[in-house]
>>> print(open('model-v5.cif').read())   # mmCIF, C-alpha atoms
data_run
#
loop_
_atom_site.label_atom_id
_atom_site.label_comp_id
_atom_site.auth_asym_id
_atom_site.auth_seq_id
_atom_site.Cartn_x
_atom_site.Cartn_y
_atom_site.Cartn_z
CA MET A 53 141.59 73.11 78.73
CA GLN A 54 143.80 75.39 80.81
CA HIS A 55 141.58 75.57 83.91
CA LEU A 56 138.38 74.21 85.39
CA GLU A 57 135.76 76.39 87.07
CA PHE A 58 132.58 74.36 86.94
CA ALA A 59 131.37 70.80 86.35
CA TRP A 60 128.01 69.17 85.72
CA PHE A 61 127.55 65.78 87.37
CA GLU A 62 124.75 64.00 85.53
CA VAL A 63 124.29 61.33 88.17
CA THR A 64 121.28 59.54 86.68
CA GLY A 65 119.15 59.18 83.60
CA LYS A 66 116.07 58.37 85.69
CA CYS A 67 113.25 60.89 85.89
CA GLN A 68 109.58 60.81 86.88
CA LEU A 69 108.82 63.07 83.93
CA GLU A 70 109.18 62.59 80.18
CA CYS A 71 109.41 66.22 79.09
CA GLU A 72 108.89 66.57 75.38
CA HIS A 73 112.06 68.64 74.96
CA CYS A 74 114.45 66.78 77.30
CA TYR A 75 117.99 67.14 75.94
CA ALA A 76 119.11 64.14 78.05
CA ASP A 77 116.26 61.92 76.79
CA SER A 78 115.68 60.89 80.41
CA GLY A 79 112.56 59.32 81.89
CA PRO A 80 111.19 56.51 84.08
CA LYS A 81 113.12 53.90 82.10
CA GLY A 82 116.45 55.66 82.59
CA THR A 83 119.24 54.19 84.72
CA ASN A 84 122.00 55.34 87.04
CA GLY A 85 124.53 54.20 84.46
CA THR A 86 127.84 52.53 85.29
CA MET A 87 129.26 55.21 87.59
CA ARG A 88 129.26 54.04 91.20
CA PRO A 89 129.17 56.29 94.29
CA ALA A 90 132.91 55.74 94.75
CA ASP A 91 133.51 56.88 91.17
CA TRP A 92 131.55 60.09 91.74
CA THR A 93 133.35 60.71 95.02
CA ARG A 94 136.72 60.31 93.30
CA VAL A 95 135.74 62.74 90.54
CA ILE A 96 134.54 65.27 93.11
CA ASN A 97 138.01 65.08 94.65
CA GLU A 98 139.59 65.65 91.24
CA VAL A 99 137.31 68.57 90.42
CA ALA A 100 138.27 70.23 93.71
CA GLN A 101 141.97 69.57 93.11
CA LEU A 102 141.70 71.14 89.66
CA GLY A 103 140.51 74.38 91.24
CA ALA A 104 136.82 74.35 90.32
CA ARG A 105 134.53 76.47 92.44
CA MET A 106 131.17 74.85 91.82
CA ILE A 107 129.46 71.68 90.66
CA GLN A 108 125.87 71.07 89.64
CA PHE A 109 124.12 67.75 90.22
CA ILE A 110 121.69 67.14 87.39
CA GLY A 111 120.00 64.26 85.59
CA GLY A 112 117.54 62.90 84.81
CA GLU A 113 116.25 63.76 88.22
CA PRO A 114 119.12 63.86 90.73
CA ALA A 115 116.74 63.52 93.71
CA LEU A 116 116.12 59.94 92.50
CA TYR A 117 119.80 59.08 92.91
CA PRO A 118 120.09 57.29 96.29
CA GLY A 119 123.54 58.65 97.15
CA LEU A 120 122.90 62.30 96.30
CA PRO A 121 122.91 63.63 99.90
CA GLU A 122 126.28 61.99 100.53
CA LEU A 123 127.71 63.38 97.30
CA VAL A 124 126.50 66.90 98.12
CA ASN A 125 128.06 66.65 101.58
CA HIS A 126 131.32 65.35 100.12
CA ALA A 127 131.47 68.24 97.67
CA ARG A 128 130.87 70.76 100.44
CA ASP A 129 133.55 69.11 102.58
CA HIS A 130 135.97 69.80 99.71
CA GLY A 131 135.04 73.48 99.52
CA LEU A 132 132.86 73.27 96.41
CA GLU A 133 129.71 75.29 95.98
CA VAL A 134 126.83 73.01 94.97
CA GLU A 135 123.67 73.41 92.96
CA VAL A 136 121.07 70.67 92.63
CA PHE A 137 118.98 70.96 89.47
CA SER A 138 115.73 69.16 90.25
CA ASN A 139 112.28 69.01 88.71
CA LEU A 140 110.97 69.39 92.30
CA VAL A 141 108.30 66.77 91.72
CA HIS A 142 109.43 65.03 94.91
CA VAL A 143 112.20 66.02 97.32
CA PRO A 144 112.95 63.40 100.02
CA PRO A 145 113.12 64.74 103.60
CA GLN A 146 116.83 63.90 103.88
CA LEU A 147 117.58 65.94 100.77
CA TRP A 148 115.70 68.97 102.11
CA ASN A 149 118.03 68.90 105.10
CA VAL A 150 121.08 68.82 102.82
CA LEU A 151 119.77 71.65 100.64
CA THR A 152 119.47 73.99 103.61
CA GLN A 153 123.24 73.91 104.22
CA PRO A 154 125.33 76.99 103.45
CA GLY A 155 126.91 76.77 100.02
CA VAL A 156 124.09 74.68 98.52
CA ARG A 157 121.45 76.01 96.17
CA LEU A 158 118.58 74.70 94.11
CA ALA A 159 117.38 75.14 90.53
CA THR A 160 114.32 73.95 88.66
CA SER A 161 112.39 74.36 85.41
CA TYR A 162 108.87 75.74 84.99
CA TYR A 163 106.62 75.92 81.97
CA SER A 164 103.28 77.58 82.61
CA ASP A 165 100.93 79.03 85.20
CA GLN A 166 98.28 76.62 83.90
CA PRO A 167 98.56 73.04 85.24
CA ASP A 168 97.30 71.43 82.03
CA GLU A 169 99.80 73.24 79.82
CA HIS A 170 102.63 72.47 82.25
CA ALA A 171 101.62 68.78 82.33
CA ALA A 172 101.37 68.61 78.55
CA ILE A 173 105.08 69.48 78.40
CA THR A 174 106.25 67.30 81.30
CA ARG A 175 103.90 64.47 80.27
CA ARG A 176 102.82 63.89 83.85
CA ARG A 177 99.53 65.01 85.33
CA GLY A 178 99.89 66.76 88.65
CA SER A 179 103.49 67.84 88.00
CA HIS A 180 102.62 71.55 88.12
CA ALA A 181 101.12 71.34 91.61
CA ARG A 182 104.04 69.26 92.92
CA THR A 183 106.72 71.55 91.51
CA LYS A 184 104.92 74.70 92.62
CA SER A 185 104.50 73.28 96.12
CA ASP A 186 108.20 72.48 96.41
CA ILE A 187 109.17 75.90 95.07
CA ILE A 188 107.13 77.35 97.94
CA GLU A 189 108.84 74.97 100.37
CA ALA A 190 112.31 75.92 99.12
CA LEU A 191 111.47 79.60 99.61
CA ARG A 192 110.08 78.87 103.06
CA ARG A 193 113.38 77.22 103.97
CA SER A 194 115.35 80.18 102.52
CA ILE A 195 117.19 77.94 100.05
CA PRO A 196 118.74 79.97 97.21
CA LEU A 197 116.58 79.12 94.19
CA ARG A 198 116.76 79.71 90.44
CA VAL A 199 113.82 78.92 88.19
CA GLY A 200 114.13 78.55 84.44
CA LEU A 201 111.17 79.19 82.19
CA ILE A 202 111.63 76.95 79.15
CA ASP A 203 109.77 78.17 76.07
CA VAL A 204 109.07 75.09 73.95
CA GLN A 205 105.58 75.57 72.47
CA ASP A 206 103.92 78.22 70.34
CA GLY A 207 101.72 80.44 72.48
CA GLN A 208 103.07 79.02 75.74
CA ARG A 209 102.18 81.11 78.80
CA VAL A 210 105.77 81.96 79.68
CA GLU A 211 105.15 85.53 80.82
CA GLN A 212 102.16 84.49 82.91
CA ALA A 213 104.35 81.82 84.51
CA ARG A 214 106.98 84.46 85.24
CA ALA A 215 104.34 86.60 86.96
CA GLU A 216 103.19 83.61 89.00
CA LEU A 217 106.76 82.84 90.14
CA THR A 218 107.37 86.47 91.02
CA GLU A 219 104.20 86.53 93.11
CA LEU A 220 105.42 83.42 94.94
CA GLY A 221 108.63 85.26 95.81
CA VAL A 222 111.09 83.85 93.27
CA THR A 223 113.60 86.55 92.33
CA ASP A 224 116.04 84.62 90.11
CA ILE A 225 114.14 83.74 86.93
CA GLY A 226 115.71 82.96 83.54
CA VAL A 227 114.31 82.05 80.14
CA ASP A 228 115.62 79.50 77.67
CA HIS A 229 114.28 78.23 74.38
CA LEU A 230 113.99 74.79 72.82
CA ARG A 231 117.35 73.15 72.12
CA GLN A 232 117.23 70.52 69.42
CA VAL A 233 119.13 67.89 71.36
CA GLY A 234 117.71 64.60 72.69
CA ARG A 235 113.90 64.67 72.63
CA GLY A 236 114.12 68.34 71.71
CA VAL A 237 115.02 67.50 68.11
CA ARG A 238 112.42 68.86 65.72
CA ASP A 239 113.73 69.87 62.30
CA ARG A 240 117.51 69.74 62.90
CA THR A 241 120.11 67.29 64.06
CA PRO A 242 122.13 68.17 67.20
CA SER A 243 124.89 70.57 66.24
CA MET A 244 127.14 73.32 67.54
CA ASP A 245 124.50 75.85 66.49
CA GLN A 246 122.49 74.69 69.54
CA LEU A 247 125.30 75.77 71.87
CA CYS A 248 126.06 79.13 73.45
CA GLY A 249 129.78 79.32 72.70
CA ARG A 250 131.08 78.72 76.23
CA CYS A 251 131.62 74.96 75.87
CA ALA A 252 135.05 73.75 77.04
CA ARG A 253 135.85 77.16 78.52
CA GLY A 254 136.48 76.17 82.11
CA GLN A 255 133.54 73.81 82.29
CA VAL A 256 132.92 70.14 81.70
CA ALA A 257 130.08 67.61 82.03
CA ILE A 258 130.25 64.03 83.25
CA ALA A 259 127.61 61.45 82.30
CA PRO A 260 126.18 58.49 84.23
CA ASP A 261 128.49 56.17 82.27
CA GLY A 262 131.54 58.35 82.95
CA SER A 263 131.65 60.01 79.54
CA VAL A 264 133.04 63.54 79.54
CA TRP A 265 131.52 66.25 77.34
CA PRO A 266 132.39 69.94 76.89
CA CYS A 267 128.92 70.70 78.33
CA VAL A 268 125.63 68.92 78.96
CA PHE A 269 124.24 70.05 75.61
CA SER A 270 127.20 68.83 73.51
CA ARG A 271 126.48 65.17 74.17
CA TRP A 272 127.61 64.02 70.74
CA MET A 273 131.17 65.27 71.43
CA PRO A 274 132.71 62.92 74.06
CA VAL A 275 136.35 63.62 74.90
CA GLY A 276 137.04 60.77 77.33
CA ASN A 277 135.70 58.70 80.22
CA VAL A 278 136.52 59.17 83.92
CA ARG A 279 136.12 55.44 84.55
CA MET A 280 139.17 54.88 82.38
CA ASN A 281 141.28 58.01 82.85
CA SER A 282 141.64 60.77 85.41
CA LEU A 283 139.76 63.97 84.75
CA ALA A 284 143.05 65.88 84.70
CA ASP A 285 144.37 63.63 81.92
CA ILE A 286 141.14 64.01 79.95
CA LEU A 287 141.16 67.80 80.21
CA THR A 288 144.73 67.96 78.89
CA SER A 289 144.26 65.27 76.24
CA SER A 290 144.53 65.73 72.50
CA ALA A 291 140.85 64.83 72.22
CA MET A 292 139.86 67.74 74.47
CA ALA A 293 142.26 70.12 72.74
CA GLY A 294 140.91 69.17 69.32
CA THR A 295 137.28 69.48 70.40
CA ALA A 296 137.93 72.82 72.09
CA GLN A 297 139.58 74.14 68.94
CA THR A 298 136.70 72.92 66.77
CA LEU A 299 134.26 74.76 69.04
CA GLU A 300 136.43 77.87 69.10
CA ASP A 301 136.67 77.96 65.31
CA HIS A 302 132.94 77.45 64.90
CA PHE A 303 131.94 80.23 67.26
CA ALA A 304 134.57 82.60 65.91
CA THR A 305 133.03 82.13 62.47
CA ARG A 306 129.53 82.50 63.83
CA GLY A 307 130.39 85.74 65.63
CA ALA A 308 132.18 87.09 62.57
CA SER A 309 129.02 86.55 60.53
CA GLY A 310 127.50 89.62 62.16
CA LEU A 311 124.65 87.65 63.71
CA CYS A 312 125.89 88.10 67.26
CA ASP A 313 124.65 90.96 69.40
CA PRO A 314 127.75 93.04 70.26
CA GLN A 315 126.55 93.31 73.86
CA CYS A 316 127.07 89.59 74.27
CA GLY A 317 130.81 89.66 73.73
CA PRO A 318 132.87 87.27 71.61
CA SER A 319 131.67 83.83 70.62
CA CYS A 320 128.10 84.26 71.70
CA GLY A 321 125.37 82.65 69.60
CA PRO A 322 123.47 84.30 66.77
CA ALA A 323 121.67 87.24 68.35
CA CYS A 324 122.36 85.57 71.72
CA LEU A 325 119.95 82.76 70.90
CA PRO A 326 119.31 80.20 72.10
CA HIS A 327 119.67 82.02 75.41
CA CYS A 328 122.11 80.04 77.45
CA TRP A 329 120.22 79.27 80.60
CA PRO A 330 120.86 78.29 83.40
CA THR A 331 122.74 81.42 84.31
CA GLY A 332 120.06 83.34 86.13
CA ASN A 333 120.60 86.42 83.97
CA GLY A 334 121.23 85.12 80.46
CA PRO A 335 124.39 84.83 78.39
CA CYS A 336 125.27 88.52 78.08
CA THR A 337 126.47 88.99 81.65
CA PRO A 338 130.13 88.82 82.69
CA LYS A 339 129.46 85.36 84.05
CA GLY A 340 127.71 84.36 80.82
CA GLY A 341 127.67 80.69 79.94
CA CYS A 342 125.72 77.58 80.82
CA GLN A 343 126.83 77.22 84.41
CA PRO A 344 125.16 78.94 87.36
CA ASN A 345 126.47 82.32 88.42
CA TYR A 346 128.10 81.25 91.66
CA ASP A 347 128.88 84.85 92.63
CA ALA A 348 125.23 85.88 92.45
#
>>> encode(input="model-v5.cif", output="structure tokens")
Amino acid sequence: MQHLEFAWFEVTGKCQLECEHCYADSGPKGTNGTMRPADWTRVINEVAQLGARMIQFIGGEPALYPGLPELVNHARDHGLEVEVFSNLVHVPPQLWNVLTQPGVRLATSYYSDQPDEHAAITRRRGSHARTKSDIIEALRRSIPLRVGLIDVQDGQRVEQARAELTELGVTDIGVDHLRQVGRGVRDRTPSMDQLCGRCARGQVAIAPDGSVWPCVFSRWMPVGNVRMNSLADILTSSAMAGTAQTLEDHFATRGASGLCDPQCGPSCGPACLPHCWPTGNGPCTPKGGCQPNYDA
């Protein structure tokens, strides 16, 4: 990898929810892994030194990670833009204060305007009301917010949910579809066909145990571990180079098959599906890819 623009920090596998499609297979029995706060702090330093502009804290549910406010503050102290991707089921008061800082934004997922349908997907009763309430609170506090509508069931009320979010005042709404990774596996095994084509292009993901992946969806393709080697060494390793080339070859072939919408540019997925969200605007924009659009 020649440069680094963006990194996912998957700080925990814990989550209050057990969403039926969770690519990370997270839930109440998840753990914080073997990465310690000092490990995350060190990697934040490395990410900043490598020239990245933004990191996203994700999980599991990052709000359940006790040291998240300190990590967000550390990232901001090093000039990094920050996004926290939360289910918004519960945001501690201290975290609200951190989220209101300049350079920090928030993202969440949403499934339906009907509480029962939403809860059937998250597998927790009351999750719709909690998430909706915290969306309203984030807007009240003027925190930049993205909401992703994840279409995982036949007949799901995605468009009605979009209308509900718009009425609440959410302006940055994206749509993604089921990815057959983790608990999202239905009739396929995880494969490169589930990816958008941007993996290993200036972005990297780090797991709770320190594993490094080309992106959060390519979890079966580890290229190193930051508990054993520096991130700089991992990004320039033969393992990363080989994985990046494998991905490049795959998406070049997929694009050449004629299945890719020309508007999406090179190495997009078949007909731009699955839509690579989170981006706010989908994969066909100049900032297309799986990371947030930090210039939005």
>>> residues_around(input="model-v5.cif", residues="Gly103 (chain A)", least_positions_apart="2", cutoff="7 Å", atoms="all atoms listed in the file", output="NGL selection string")
:A and (56-57 or 99-101 or 105)
>>> write_last_selection(input="model-v5.cif", atoms="C-alpha atoms", output="mmCIF file, in the coordinates of the input")
data_model
loop_
_atom_site.group_PDB
_atom_site.id
_atom_site.type_symbol
_atom_site.label_atom_id
_atom_site.label_comp_id
_atom_site.auth_asym_id
_atom_site.auth_seq_id
_atom_site.Cartn_x
_atom_site.Cartn_y
_atom_site.Cartn_z
ATOM 1 C CA LEU A 56 138.380 74.210 85.390
ATOM 2 C CA GLU A 57 135.760 76.390 87.070
ATOM 3 C CA VAL A 99 137.310 68.570 90.420
ATOM 4 C CA ALA A 100 138.270 70.230 93.710
ATOM 5 C CA GLN A 101 141.970 69.570 93.110
ATOM 6 C CA ARG A 105 134.530 76.470 92.440
#
>>> residues_around(input="model-v5.cif", residues="Asn281 (chain A)", least_positions_apart="6", cutoff="12 Å", atoms="only C-alpha atoms", output="ChimeraX atom specification")
/A:91,94-95,98,262-264,275,287-289
>>> closest_residue(input="model-v5.cif", among="A:Gly82, A:Pro118, A:Gly111, A:Pro196", to="Ile258 (chain A)", atoms="only C-alpha atoms")
A:Gly111
>>> atom_distance(input="model-v5.cif", atom1="CA of Gly178 (chain A)", atom2="CA of Ile195 (chain A)")
23.5 Å
>>> resolve_selection(input="model-v5.cif", expression="the PyMOL selection byres ((chain A and resi 180) around 12)", output="PyMOL selection string")
chain A and resi 69+139-142+160-179+181-187+213
>>> resolve_selection(input="model-v5.cif", expression="the PyMOL selection byres ((chain A and resi 108) around 7)", output="PDB file with C-alpha atoms, in the frame of the given file")
ATOM      1  CA  ALA A  59     131.370  70.800  86.350  1.00  0.00           C
ATOM      2  CA  TRP A  60     128.010  69.170  85.720  1.00  0.00           C
ATOM      3  CA  PHE A  61     127.550  65.780  87.370  1.00  0.00           C
ATOM      4  CA  MET A 106     131.170  74.850  91.820  1.00  0.00           C
ATOM      5  CA  ILE A 107     129.460  71.680  90.660  1.00  0.00           C
ATOM      6  CA  PHE A 109     124.120  67.750  90.220  1.00  0.00           C
ATOM      7  CA  ILE A 110     121.690  67.140  87.390  1.00  0.00           C
ATOM      8  CA  VAL A 134     126.830  73.010  94.970  1.00  0.00           C
ATOM      9  CA  GLU A 135     123.670  73.410  92.960  1.00  0.00           C
ATOM     10  CA  VAL A 136     121.070  70.670  92.630  1.00  0.00           C
ATOM     11  CA  PHE A 137     118.980  70.960  89.470  1.00  0.00           C
TER      12      PHE A 137
END
>>> atom_distance(input="model-v5.cif", atom1="CA of Lys66 (chain A)", atom2="CA of Ala259 (chain A)")
12.4 Å
>>> closest_residue(input="model-v5.cif", among="A:Arg279, A:Arg271, A:Arg253, A:Arg128", to="Gln297 (chain A)", atoms="all atoms listed in the file")
A:Arg253
>>> closest_residue(input="model-v5.cif", among="A:Trp265, A:Phe58, A:Tyr117, A:Trp92", to="Ile286 (chain A)", atoms="all atoms listed in the file")
A:Trp265
>>> atom_distance(input="model-v5.cif", atom1="CA of Asp228 (chain A)", atom2="CA of Leu197 (chain A)")
16.6 Å
>>> residues_near_point(input="model-v5.cif", point="(121.0, 76.8, 97.7)", cutoff="10 Å", atoms="all atoms listed in the file", output="MDAnalysis selection string")
chainID A and resid 133:136 150:159 190 193:198
>>> resolve_selection(input="model-v5.cif", expression="the PyMOL selection byres ((chain A and resi 130) around 9)", output="list in words")
Ile96, Asn97, Ala100, Gln101, Asn125, His126, Ala127, Arg128, Asp129, Gly131 and Leu132 of chain A
>>> decode(input="model-v5.cif", residues="region 135-163 of chain A", atoms="N, CA, C and O atoms", output="JSON list (two decimals), in the first residue's frame")
[["chain", "number", "residue", "atom", "x", "y", "z"],
["A", 135, "GLU", "N", -14.96, 9.59, 13.12],
["A", 135, "GLU", "CA", -16.37, 9.21, 13.08],
["A", 135, "GLU", "C", -16.58, 8.05, 14.03],
["A", 135, "GLU", "O", -15.77, 7.12, 14.06],
["A", 136, "VAL", "N", -17.63, 8.12, 14.81],
["A", 136, "VAL", "CA", -18.03, 7.02, 15.69],
["A", 136, "VAL", "C", -19.26, 6.37, 15.08],
["A", 136, "VAL", "O", -20.29, 7.04, 14.89],
["A", 137, "PHE", "N", -19.15, 5.08, 14.76],
["A", 137, "PHE", "CA", -20.27, 4.34, 14.18],
["A", 137, "PHE", "C", -20.94, 3.56, 15.29],
["A", 137, "PHE", "O", -20.44, 2.54, 15.75],
["A", 138, "SER", "N", -22.09, 4.04, 15.75],
["A", 138, "SER", "CA", -22.78, 3.50, 16.91],
["A", 138, "SER", "C", -24.19, 3.04, 16.54],
["A", 138, "SER", "O", -24.80, 3.59, 15.62],
["A", 139, "ASN", "N", -24.69, 2.05, 17.28],
["A", 139, "ASN", "CA", -26.10, 1.68, 17.08],
["A", 139, "ASN", "C", -27.04, 2.68, 17.75],
["A", 139, "ASN", "O", -28.26, 2.61, 17.56],
["A", 140, "LEU", "N", -26.49, 3.59, 18.56],
["A", 140, "LEU", "CA", -27.26, 4.63, 19.25],
["A", 140, "LEU", "C", -28.34, 4.06, 20.17],
["A", 140, "LEU", "O", -29.33, 4.73, 20.46],
["A", 141, "VAL", "N", -28.13, 2.84, 20.65],
["A", 141, "VAL", "CA", -29.04, 2.29, 21.65],
["A", 141, "VAL", "C", -28.82, 2.97, 22.99],
["A", 141, "VAL", "O", -29.77, 3.24, 23.73],
["A", 142, "HIS", "N", -27.56, 3.29, 23.31],
["A", 142, "HIS", "CA", -27.26, 4.03, 24.53],
["A", 142, "HIS", "C", -25.95, 4.78, 24.35],
["A", 142, "HIS", "O", -24.92, 4.17, 24.05],
["A", 143, "VAL", "N", -26.00, 6.08, 24.51],
["A", 143, "VAL", "CA", -24.80, 6.92, 24.43],
["A", 143, "VAL", "C", -24.55, 7.51, 25.81],
["A", 143, "VAL", "O", -25.36, 8.29, 26.31],
["A", 144, "PRO", "N", -23.44, 7.15, 26.47],
["A", 144, "PRO", "CA", -23.15, 7.70, 27.80],
["A", 144, "PRO", "C", -22.98, 9.22, 27.73],
["A", 144, "PRO", "O", -22.53, 9.76, 26.71],
["A", 145, "PRO", "N", -23.33, 9.92, 28.81],
["A", 145, "PRO", "CA", -23.20, 11.38, 28.83],
["A", 145, "PRO", "C", -21.82, 11.88, 28.44],
["A", 145, "PRO", "O", -21.69, 12.87, 27.71],
["A", 146, "GLN", "N", -20.76, 11.20, 28.93],
["A", 146, "GLN", "CA", -19.40, 11.64, 28.61],
["A", 146, "GLN", "C", -19.14, 11.57, 27.11],
["A", 146, "GLN", "O", -18.45, 12.43, 26.54],
["A", 147, "LEU", "N", -19.70, 10.55, 26.46],
["A", 147, "LEU", "CA", -19.48, 10.40, 25.03],
["A", 147, "LEU", "C", -20.21, 11.48, 24.24],
["A", 147, "LEU", "O", -19.69, 11.99, 23.24],
["A", 148, "TRP", "N", -21.41, 11.86, 24.69],
["A", 148, "TRP", "CA", -22.11, 12.96, 24.02],
["A", 148, "TRP", "C", -21.23, 14.20, 24.00],
["A", 148, "TRP", "O", -21.14, 14.91, 23.00],
["A", 149, "ASN", "N", -20.58, 14.48, 25.13],
["A", 149, "ASN", "CA", -19.72, 15.66, 25.19],
["A", 149, "ASN", "C", -18.56, 15.57, 24.20],
["A", 149, "ASN", "O", -18.18, 16.57, 23.58],
["A", 150, "VAL", "N", -18.01, 14.38, 24.02],
["A", 150, "VAL", "CA", -16.91, 14.18, 23.07],
["A", 150, "VAL", "C", -17.41, 14.35, 21.63],
["A", 150, "VAL", "O", -16.73, 14.94, 20.78],
["A", 151, "LEU", "N", -18.60, 13.83, 21.36],
["A", 151, "LEU", "CA", -19.13, 13.87, 20.00],
["A", 151, "LEU", "C", -19.44, 15.28, 19.52],
["A", 151, "LEU", "O", -19.52, 15.52, 18.31],
["A", 152, "THR", "N", -19.64, 16.20, 20.45],
["A", 152, "THR", "CA", -19.96, 17.57, 20.05],
["A", 152, "THR", "C", -18.73, 18.38, 19.68],
["A", 152, "THR", "O", -18.87, 19.53, 19.23],
["A", 153, "GLN", "N", -17.54, 17.81, 19.79],
["A", 153, "GLN", "CA", -16.32, 18.53, 19.42],
["A", 153, "GLN", "C", -16.23, 18.73, 17.91],
["A", 153, "GLN", "O", -16.70, 17.89, 17.13],
["A", 154, "PRO", "N", -15.59, 19.80, 17.48],
["A", 154, "PRO", "CA", -15.31, 19.96, 16.05],
["A", 154, "PRO", "C", -14.44, 18.81, 15.55],
["A", 154, "PRO", "O", -13.55, 18.33, 16.26],
["A", 155, "GLY", "N", -14.72, 18.36, 14.34],
["A", 155, "GLY", "CA", -13.93, 17.28, 13.77],
["A", 155, "GLY", "C", -14.39, 15.89, 14.13],
["A", 155, "GLY", "O", -13.76, 14.91, 13.77],
["A", 156, "VAL", "N", -15.50, 15.79, 14.86],
["A", 156, "VAL", "CA", -16.06, 14.49, 15.26],
["A", 156, "VAL", "C", -17.46, 14.38, 14.68],
["A", 156, "VAL", "O", -18.23, 15.33, 14.71],
["A", 157, "ARG", "N", -17.77, 13.22, 14.15],
["A", 157, "ARG", "CA", -19.10, 12.98, 13.60],
["A", 157, "ARG", "C", -19.61, 11.62, 14.03],
["A", 157, "ARG", "O", -18.89, 10.82, 14.62],
["A", 158, "LEU", "N", -20.85, 11.36, 13.70],
["A", 158, "LEU", "CA", -21.54, 10.17, 14.18],
["A", 158, "LEU", "C", -22.21, 9.48, 13.00],
["A", 158, "LEU", "O", -22.67, 10.13, 12.06],
["A", 159, "ALA", "N", -22.28, 8.15, 13.07],
["A", 159, "ALA", "CA", -23.01, 7.37, 12.07],
["A", 159, "ALA", "C", -23.77, 6.26, 12.76],
["A", 159, "ALA", "O", -23.37, 5.78, 13.83],
["A", 160, "THR", "N", -24.87, 5.85, 12.16],
["A", 160, "THR", "CA", -25.66, 4.76, 12.73],
["A", 160, "THR", "C", -26.39, 4.02, 11.61],
["A", 160, "THR", "O", -26.41, 4.46, 10.45],
["A", 161, "SER", "N", -26.98, 2.89, 11.97],
["A", 161, "SER", "CA", -27.79, 2.10, 11.04],
["A", 161, "SER", "C", -29.26, 2.16, 11.46],
["A", 161, "SER", "O", -29.58, 2.31, 12.64],
["A", 162, "TYR", "N", -30.13, 2.00, 10.47],
["A", 162, "TYR", "CA", -31.58, 2.07, 10.71],
["A", 162, "TYR", "C", -32.24, 1.08, 9.77],
["A", 162, "TYR", "O", -31.74, 0.82, 8.67],
["A", 163, "TYR", "N", -33.37, 0.53, 10.19],
["A", 163, "TYR", "CA", -33.94, -0.57, 9.42],
["A", 163, "TYR", "C", -35.40, -0.40, 9.00],
["A", 163, "TYR", "O", -35.81, -0.95, 7.99]]
